[in-house]
Amino acid sequence: MTIERQQIGQRMSRIVKHNGTIYLCGQVCKDATQDIAEQTATMLEKVDELLQEAGSDREHILSATIYLKTMADFAAMNAVWDAWVPEGHAPARACVEAAMARSELLVEISVVAAER
């Protein structure tokens with residue numbers, strides 16, 4: 001089985017494909033000065049872009065792990081998430097509180113999806 005890596009960096013590949021499954025590296029927001037709703041929205045935009053590049057979309061997400069700086073942002077993050085996930089296509093999901101790589105980051109997501 002071939003492993004395909006896209007957008008390869010020194011530390012990680014942004015997309016890894018194997019046997020019809022797509023793995024995205026952790027995604028964060030486009031502007032860390034924004035609030036949790038905006039950080040979540042732009043983080044999910046990046047997921048959409050990577051999934052499209054990899055030959056998938058949000059209806060094919062198998063699982064998502066969401067990392068929040070504080071669980072106090074859980075409801076606000078979920079409001080954006082719930083509007084983004086297509087009805088009937090909710091993936092398996094975990095959401096945990098975690099220290100972020102940069103203090104201004106409020107949310108990060110890791111996604112596994114199937115190819116279309």
# chains A, B, ... in the order shown; residues from 1 in each chain; ligands from 1
call {"tool": "residues_around", "arguments": {"residues": "Ala92 of chain A", "least_positions_apart": "3", "cutoff": "12 Å", "atoms": "only C-alpha atoms", "output": "MDAnalysis selection string"}}
result
chainID A and resid 60:66 85 89 95 110:113
call {"tool": "write_last_selection", "arguments": {"atoms": "N, CA and C atoms", "output": "PDB file, in the first residue's frame"}}
result
ATOM      1  N   HIS A  60     -17.408  13.488   4.415  1.00  0.00           N
ATOM      2  CA  HIS A  60     -16.622  12.257   4.487  1.00  0.00           C
ATOM      3  C   HIS A  60     -15.688  12.212   5.697  1.00  0.00           C
ATOM      4  N   ILE A  61     -15.853  13.150   6.632  1.00  0.00           N
ATOM      5  CA  ILE A  61     -15.019  13.122   7.840  1.00  0.00           C
ATOM      6  C   ILE A  61     -15.436  11.923   8.686  1.00  0.00           C
ATOM      7  N   LEU A  62     -14.448  11.131   9.067  1.00  0.00           N
ATOM      8  CA  LEU A  62     -14.687   9.947   9.898  1.00  0.00           C
ATOM      9  C   LEU A  62     -14.585  10.286  11.379  1.00  0.00           C
ATOM     10  N   SER A  63     -13.553  11.068  11.725  1.00  0.00           N
ATOM     11  CA  SER A  63     -13.380  11.447  13.128  1.00  0.00           C
ATOM     12  C   SER A  63     -12.682  12.794  13.229  1.00  0.00           C
ATOM     13  N   ALA A  64     -12.933  13.450  14.340  1.00  0.00           N
ATOM     14  CA  ALA A  64     -12.303  14.738  14.623  1.00  0.00           C
ATOM     15  C   ALA A  64     -11.959  14.777  16.105  1.00  0.00           C
ATOM     16  N   THR A  65     -10.778  15.290  16.392  1.00  0.00           N
ATOM     17  CA  THR A  65     -10.384  15.547  17.773  1.00  0.00           C
ATOM     18  C   THR A  65     -10.169  17.047  17.892  1.00  0.00           C
ATOM     19  N   ILE A  66     -10.915  17.670  18.790  1.00  0.00           N
ATOM     20  CA  ILE A  66     -10.854  19.115  18.982  1.00  0.00           C
ATOM     21  C   ILE A  66     -10.187  19.398  20.320  1.00  0.00           C
ATOM     22  N   VAL A  85     -21.049  21.269  10.327  1.00  0.00           N
ATOM     23  CA  VAL A  85     -21.197  19.838  10.019  1.00  0.00           C
ATOM     24  C   VAL A  85     -22.514  19.611   9.283  1.00  0.00           C
ATOM     25  N   HIS A  89     -24.219  13.855   8.911  1.00  0.00           N
ATOM     26  CA  HIS A  89     -22.835  13.481   8.622  1.00  0.00           C
ATOM     27  C   HIS A  89     -21.894  13.781   9.779  1.00  0.00           C
ATOM     28  N   CYS A  95     -13.485  15.957  22.283  1.00  0.00           N
ATOM     29  CA  CYS A  95     -13.117  17.349  22.548  1.00  0.00           C
ATOM     30  C   CYS A  95     -12.478  17.381  23.930  1.00  0.00           C
ATOM     31  N   SER A 110      -7.816  18.042  14.753  1.00  0.00           N
ATOM     32  CA  SER A 110      -7.176  16.998  13.960  1.00  0.00           C
ATOM     33  C   SER A 110      -8.287  16.170  13.326  1.00  0.00           C
ATOM     34  N   VAL A 111      -8.172  15.909  12.020  1.00  0.00           N
ATOM     35  CA  VAL A 111      -9.264  15.280  11.259  1.00  0.00           C
ATOM     36  C   VAL A 111      -8.767  14.059  10.497  1.00  0.00           C
ATOM     37  N   VAL A 112      -9.614  13.032  10.467  1.00  0.00           N
ATOM     38  CA  VAL A 112      -9.417  11.860   9.624  1.00  0.00           C
ATOM     39  C   VAL A 112     -10.660  11.750   8.746  1.00  0.00           C
ATOM     40  N   ALA A 113     -10.454  11.572   7.442  1.00  0.00           N
ATOM     41  CA  ALA A 113     -11.592  11.517   6.509  1.00  0.00           C
ATOM     42  C   ALA A 113     -11.379  10.411   5.489  1.00  0.00           C
TER      43      ALA A 113
END
call {"tool": "residues_around", "arguments": {"residues": "Leu68 of chain A", "least_positions_apart": "5", "cutoff": "9 Å", "atoms": "only C-alpha atoms", "output": "number ranges by chain"}}
result
A: 73-74, 77, 95-100, 105-109
call {"tool": "write_last_selection", "arguments": {"atoms": "N, CA and C atoms", "output": "mmCIF file, in the first residue's frame"}}
result
data_model
loop_
_atom_site.group_PDB
_atom_site.id
_atom_site.type_symbol
_atom_site.label_atom_id
_atom_site.label_comp_id
_atom_site.auth_asym_id
_atom_site.auth_seq_id
_atom_site.Cartn_x
_atom_site.Cartn_y
_atom_site.Cartn_z
ATOM 1 N N ASP A 73 -14.970 27.655 26.572
ATOM 2 C CA ASP A 73 -15.306 27.976 25.184
ATOM 3 C C ASP A 73 -16.078 26.862 24.468
ATOM 4 N N PHE A 74 -16.420 25.798 25.182
ATOM 5 C CA PHE A 74 -17.060 24.630 24.574
ATOM 6 C C PHE A 74 -18.357 24.979 23.843
ATOM 7 N N MET A 77 -17.698 27.230 20.692
ATOM 8 C CA MET A 77 -17.077 26.426 19.635
ATOM 9 C C MET A 77 -18.117 25.508 19.006
ATOM 10 N N CYS A 95 -13.485 15.957 22.283
ATOM 11 C CA CYS A 95 -13.117 17.349 22.548
ATOM 12 C C CYS A 95 -12.478 17.381 23.930
ATOM 13 N N VAL A 96 -11.249 17.885 23.981
ATOM 14 C CA VAL A 96 -10.513 17.910 25.241
ATOM 15 C C VAL A 96 -9.909 19.286 25.484
ATOM 16 N N GLU A 97 -9.666 19.578 26.741
ATOM 17 C CA GLU A 97 -8.953 20.798 27.102
ATOM 18 C C GLU A 97 -7.461 20.489 27.038
ATOM 19 N N ALA A 98 -6.694 21.400 26.419
ATOM 20 C CA ALA A 98 -5.271 21.145 26.245
ATOM 21 C C ALA A 98 -4.485 22.452 26.203
ATOM 22 N N ALA A 99 -3.234 22.379 26.592
ATOM 23 C CA ALA A 99 -2.332 23.520 26.422
ATOM 24 C C ALA A 99 -2.066 23.682 24.930
ATOM 25 N N MET A 100 -2.056 24.911 24.457
ATOM 26 C CA MET A 100 -1.831 25.200 23.038
ATOM 27 C C MET A 100 -0.357 25.516 22.788
ATOM 28 N N LEU A 105 -3.712 30.970 20.853
ATOM 29 C CA LEU A 105 -4.585 29.993 20.197
ATOM 30 C C LEU A 105 -5.618 29.468 21.186
ATOM 31 N N LEU A 106 -6.865 29.387 20.734
ATOM 32 C CA LEU A 106 -7.956 28.919 21.593
ATOM 33 C C LEU A 106 -8.465 27.545 21.205
ATOM 34 N N VAL A 107 -8.183 27.096 19.949
ATOM 35 C CA VAL A 107 -8.749 25.845 19.460
ATOM 36 C C VAL A 107 -7.857 25.257 18.367
ATOM 37 N N GLU A 108 -7.810 23.947 18.314
ATOM 38 C CA GLU A 108 -7.094 23.213 17.264
ATOM 39 C C GLU A 108 -7.888 21.945 16.965
ATOM 40 N N ILE A 109 -7.783 21.457 15.730
ATOM 41 C CA ILE A 109 -8.521 20.261 15.342
ATOM 42 C C ILE A 109 -7.624 19.328 14.549
#
call {"tool": "select_by_dssp", "arguments": {"residues": "segment 5-111 of chain A", "states": "strand (DSSP E or B)", "output": "PyMOL selection string"}}
result
chain A and resi 5-8+13-18+21-27+61-68+92-97+107-111
call {"tool": "atom_distance", "arguments": {"atom1": "atom CA of Ala114 of chain A", "atom2": "atom CA of Ala76 of chain A"}}
result
27.5 Å
call {"tool": "residues_around", "arguments": {"residues": "segment 37-52 of chain A", "least_positions_apart": "3", "cutoff": "7 Å", "atoms": "only C-alpha atoms", "output": "PyMOL selection string"}}
result
chain A and resi 27-32+34+55-58+76-77+80+107
call {"tool": "residues_around", "arguments": {"residues": "Ser13 of chain A", "least_positions_apart": "5", "cutoff": "10 Å", "atoms": "only C-alpha atoms", "output": "PDB file with C-alpha atoms, in the first residue's frame"}}
result
ATOM      1  CA  GLU A   4       0.992   9.691  -0.234  1.00  0.00           C
ATOM      2  CA  ARG A   5       2.162  12.808   1.584  1.00  0.00           C
ATOM      3  CA  GLN A   6       1.207  16.347   0.524  1.00  0.00           C
ATOM      4  CA  GLN A   7       2.574  19.688   1.702  1.00  0.00           C
ATOM      5  CA  ILE A   8       5.529  17.988   3.354  1.00  0.00           C
ATOM      6  CA  TYR A  23      -5.213  12.299   7.740  1.00  0.00           C
ATOM      7  CA  LEU A  24      -4.861  16.036   8.282  1.00  0.00           C
ATOM      8  CA  CYS A  25      -2.301  17.547  10.614  1.00  0.00           C
TER       9      CYS A  25
END
call {"tool": "select_by_dssp", "arguments": {"residues": "chain A", "states": "helix (DSSP H, G or I)", "output": "NGL selection string"}}
result
:A and (36-54 or 58-60 or 71-84)
call {"tool": "atom_distance", "arguments": {"atom1": "atom CA of Thr33 of chain A", "atom2": "atom CA of Pro91 of chain A"}}
result
28.5 Å
call {"tool": "decode", "arguments": {"residues": "segment 80-114 of chain A", "atoms": "N, CA and C atoms", "output": "PDB file, in the first residue's frame"}}
result
ATOM      1  N   VAL A  80     -20.457  27.021  16.314  1.00  0.00           N
ATOM      2  CA  VAL A  80     -19.847  27.114  14.983  1.00  0.00           C
ATOM      3  C   VAL A  80     -19.738  25.726  14.363  1.00  0.00           C
ATOM      4  N   TRP A  81     -19.276  24.761  15.135  1.00  0.00           N
ATOM      5  CA  TRP A  81     -19.137  23.376  14.670  1.00  0.00           C
ATOM      6  C   TRP A  81     -20.469  22.832  14.165  1.00  0.00           C
ATOM      7  N   ASP A  82     -21.526  23.004  14.964  1.00  0.00           N
ATOM      8  CA  ASP A  82     -22.837  22.454  14.613  1.00  0.00           C
ATOM      9  C   ASP A  82     -23.370  23.038  13.301  1.00  0.00           C
ATOM     10  N   ALA A  83     -23.100  24.302  13.047  1.00  0.00           N
ATOM     11  CA  ALA A  83     -23.532  24.930  11.793  1.00  0.00           C
ATOM     12  C   ALA A  83     -22.694  24.453  10.609  1.00  0.00           C
ATOM     13  N   TRP A  84     -21.470  24.013  10.863  1.00  0.00           N
ATOM     14  CA  TRP A  84     -20.527  23.597   9.812  1.00  0.00           C
ATOM     15  C   TRP A  84     -20.740  22.145   9.380  1.00  0.00           C
ATOM     16  N   VAL A  85     -21.049  21.269  10.327  1.00  0.00           N
ATOM     17  CA  VAL A  85     -21.197  19.838  10.019  1.00  0.00           C
ATOM     18  C   VAL A  85     -22.514  19.611   9.283  1.00  0.00           C
ATOM     19  N   PRO A  86     -22.461  18.977   8.096  1.00  0.00           N
ATOM     20  CA  PRO A  86     -23.702  18.712   7.361  1.00  0.00           C
ATOM     21  C   PRO A  86     -24.611  17.761   8.143  1.00  0.00           C
ATOM     22  N   GLU A  87     -25.895  18.068   8.144  1.00  0.00           N
ATOM     23  CA  GLU A  87     -26.858  17.241   8.865  1.00  0.00           C
ATOM     24  C   GLU A  87     -26.758  15.793   8.406  1.00  0.00           C
ATOM     25  N   GLY A  88     -26.714  14.892   9.362  1.00  0.00           N
ATOM     26  CA  GLY A  88     -26.631  13.469   9.067  1.00  0.00           C
ATOM     27  C   GLY A  88     -25.214  12.973   8.803  1.00  0.00           C
ATOM     28  N   HIS A  89     -24.219  13.855   8.911  1.00  0.00           N
ATOM     29  CA  HIS A  89     -22.835  13.481   8.622  1.00  0.00           C
ATOM     30  C   HIS A  89     -21.894  13.781   9.779  1.00  0.00           C
ATOM     31  N   ALA A  90     -22.402  13.801  10.997  1.00  0.00           N
ATOM     32  CA  ALA A  90     -21.545  14.081  12.156  1.00  0.00           C
ATOM     33  C   ALA A  90     -20.526  12.949  12.314  1.00  0.00           C
ATOM     34  N   PRO A  91     -19.244  13.303  12.418  1.00  0.00           N
ATOM     35  CA  PRO A  91     -18.216  12.275  12.586  1.00  0.00           C
ATOM     36  C   PRO A  91     -18.121  11.823  14.042  1.00  0.00           C
ATOM     37  N   ALA A  92     -17.365  10.770  14.272  1.00  0.00           N
ATOM     38  CA  ALA A  92     -16.963  10.454  15.639  1.00  0.00           C
ATOM     39  C   ALA A  92     -16.126  11.632  16.102  1.00  0.00           C
ATOM     40  N   ARG A  93     -16.262  12.032  17.363  1.00  0.00           N
ATOM     41  CA  ARG A  93     -15.569  13.241  17.800  1.00  0.00           C
ATOM     42  C   ARG A  93     -15.200  13.166  19.269  1.00  0.00           C
ATOM     43  N   ALA A  94     -14.052  13.741  19.579  1.00  0.00           N
ATOM     44  CA  ALA A  94     -13.633  13.946  20.964  1.00  0.00           C
ATOM     45  C   ALA A  94     -13.265  15.409  21.100  1.00  0.00           C
ATOM     46  N   CYS A  95     -13.485  15.957  22.283  1.00  0.00           N
ATOM     47  CA  CYS A  95     -13.117  17.349  22.548  1.00  0.00           C
ATOM     48  C   CYS A  95     -12.478  17.381  23.930  1.00  0.00           C
ATOM     49  N   VAL A  96     -11.249  17.885  23.981  1.00  0.00           N
ATOM     50  CA  VAL A  96     -10.513  17.910  25.241  1.00  0.00           C
ATOM     51  C   VAL A  96      -9.909  19.286  25.484  1.00  0.00           C
ATOM     52  N   GLU A  97      -9.666  19.578  26.741  1.00  0.00           N
ATOM     53  CA  GLU A  97      -8.953  20.798  27.102  1.00  0.00           C
ATOM     54  C   GLU A  97      -7.461  20.489  27.038  1.00  0.00           C
ATOM     55  N   ALA A  98      -6.694  21.400  26.419  1.00  0.00           N
ATOM     56  CA  ALA A  98      -5.271  21.145  26.245  1.00  0.00           C
ATOM     57  C   ALA A  98      -4.485  22.452  26.203  1.00  0.00           C
ATOM     58  N   ALA A  99      -3.234  22.379  26.592  1.00  0.00           N
ATOM     59  CA  ALA A  99      -2.332  23.520  26.422  1.00  0.00           C
ATOM     60  C   ALA A  99      -2.066  23.682  24.930  1.00  0.00           C
ATOM     61  N   MET A 100      -2.056  24.911  24.457  1.00  0.00           N
ATOM     62  CA  MET A 100      -1.831  25.200  23.038  1.00  0.00           C
ATOM     63  C   MET A 100      -0.357  25.516  22.788  1.00  0.00           C
ATOM     64  N   ALA A 101       0.058  25.338  21.544  1.00  0.00           N
ATOM     65  CA  ALA A 101       1.452  25.611  21.172  1.00  0.00           C
ATOM     66  C   ALA A 101       1.800  27.085  21.317  1.00  0.00           C
ATOM     67  N   ARG A 102       0.804  27.965  21.090  1.00  0.00           N
ATOM     68  CA  ARG A 102       0.965  29.412  21.280  1.00  0.00           C
ATOM     69  C   ARG A 102      -0.155  29.879  22.192  1.00  0.00           C
ATOM     70  N   SER A 103       0.135  30.754  23.104  1.00  0.00           N
ATOM     71  CA  SER A 103      -0.840  31.149  24.129  1.00  0.00           C
ATOM     72  C   SER A 103      -2.095  31.803  23.567  1.00  0.00           C
ATOM     73  N   GLU A 104      -2.012  32.462  22.402  1.00  0.00           N
ATOM     74  CA  GLU A 104      -3.185  33.136  21.840  1.00  0.00           C
ATOM     75  C   GLU A 104      -4.143  32.180  21.126  1.00  0.00           C
ATOM     76  N   LEU A 105      -3.712  30.970  20.853  1.00  0.00           N
ATOM     77  CA  LEU A 105      -4.585  29.993  20.197  1.00  0.00           C
ATOM     78  C   LEU A 105      -5.618  29.468  21.186  1.00  0.00           C
ATOM     79  N   LEU A 106      -6.865  29.387  20.734  1.00  0.00           N
ATOM     80  CA  LEU A 106      -7.956  28.919  21.593  1.00  0.00           C
ATOM     81  C   LEU A 106      -8.465  27.545  21.205  1.00  0.00           C
ATOM     82  N   VAL A 107      -8.183  27.096  19.949  1.00  0.00           N
ATOM     83  CA  VAL A 107      -8.749  25.845  19.460  1.00  0.00           C
ATOM     84  C   VAL A 107      -7.857  25.257  18.367  1.00  0.00           C
ATOM     85  N   GLU A 108      -7.810  23.947  18.314  1.00  0.00           N
ATOM     86  CA  GLU A 108      -7.094  23.213  17.264  1.00  0.00           C
ATOM     87  C   GLU A 108      -7.888  21.945  16.965  1.00  0.00           C
ATOM     88  N   ILE A 109      -7.783  21.457  15.730  1.00  0.00           N
ATOM     89  CA  ILE A 109      -8.521  20.261  15.342  1.00  0.00           C
ATOM     90  C   ILE A 109      -7.624  19.328  14.549  1.00  0.00           C
ATOM     91  N   SER A 110      -7.816  18.042  14.753  1.00  0.00           N
ATOM     92  CA  SER A 110      -7.176  16.998  13.960  1.00  0.00           C
ATOM     93  C   SER A 110      -8.287  16.170  13.326  1.00  0.00           C
ATOM     94  N   VAL A 111      -8.172  15.909  12.020  1.00  0.00           N
ATOM     95  CA  VAL A 111      -9.264  15.280  11.259  1.00  0.00           C
ATOM     96  C   VAL A 111      -8.767  14.059  10.497  1.00  0.00           C
ATOM     97  N   VAL A 112      -9.614  13.032  10.467  1.00  0.00           N
ATOM     98  CA  VAL A 112      -9.417  11.860   9.624  1.00  0.00           C
ATOM     99  C   VAL A 112     -10.660  11.750   8.746  1.00  0.00           C
ATOM    100  N   ALA A 113     -10.454  11.572   7.442  1.00  0.00           N
ATOM    101  CA  ALA A 113     -11.592  11.517   6.509  1.00  0.00           C
ATOM    102  C   ALA A 113     -11.379  10.411   5.489  1.00  0.00           C
ATOM    103  N   ALA A 114     -12.463  10.022   4.843  1.00  0.00           N
ATOM    104  CA  ALA A 114     -12.392   9.071   3.741  1.00  0.00           C
ATOM    105  C   ALA A 114     -12.329   9.850   2.429  1.00  0.00           C
TER     106      ALA A 114
END
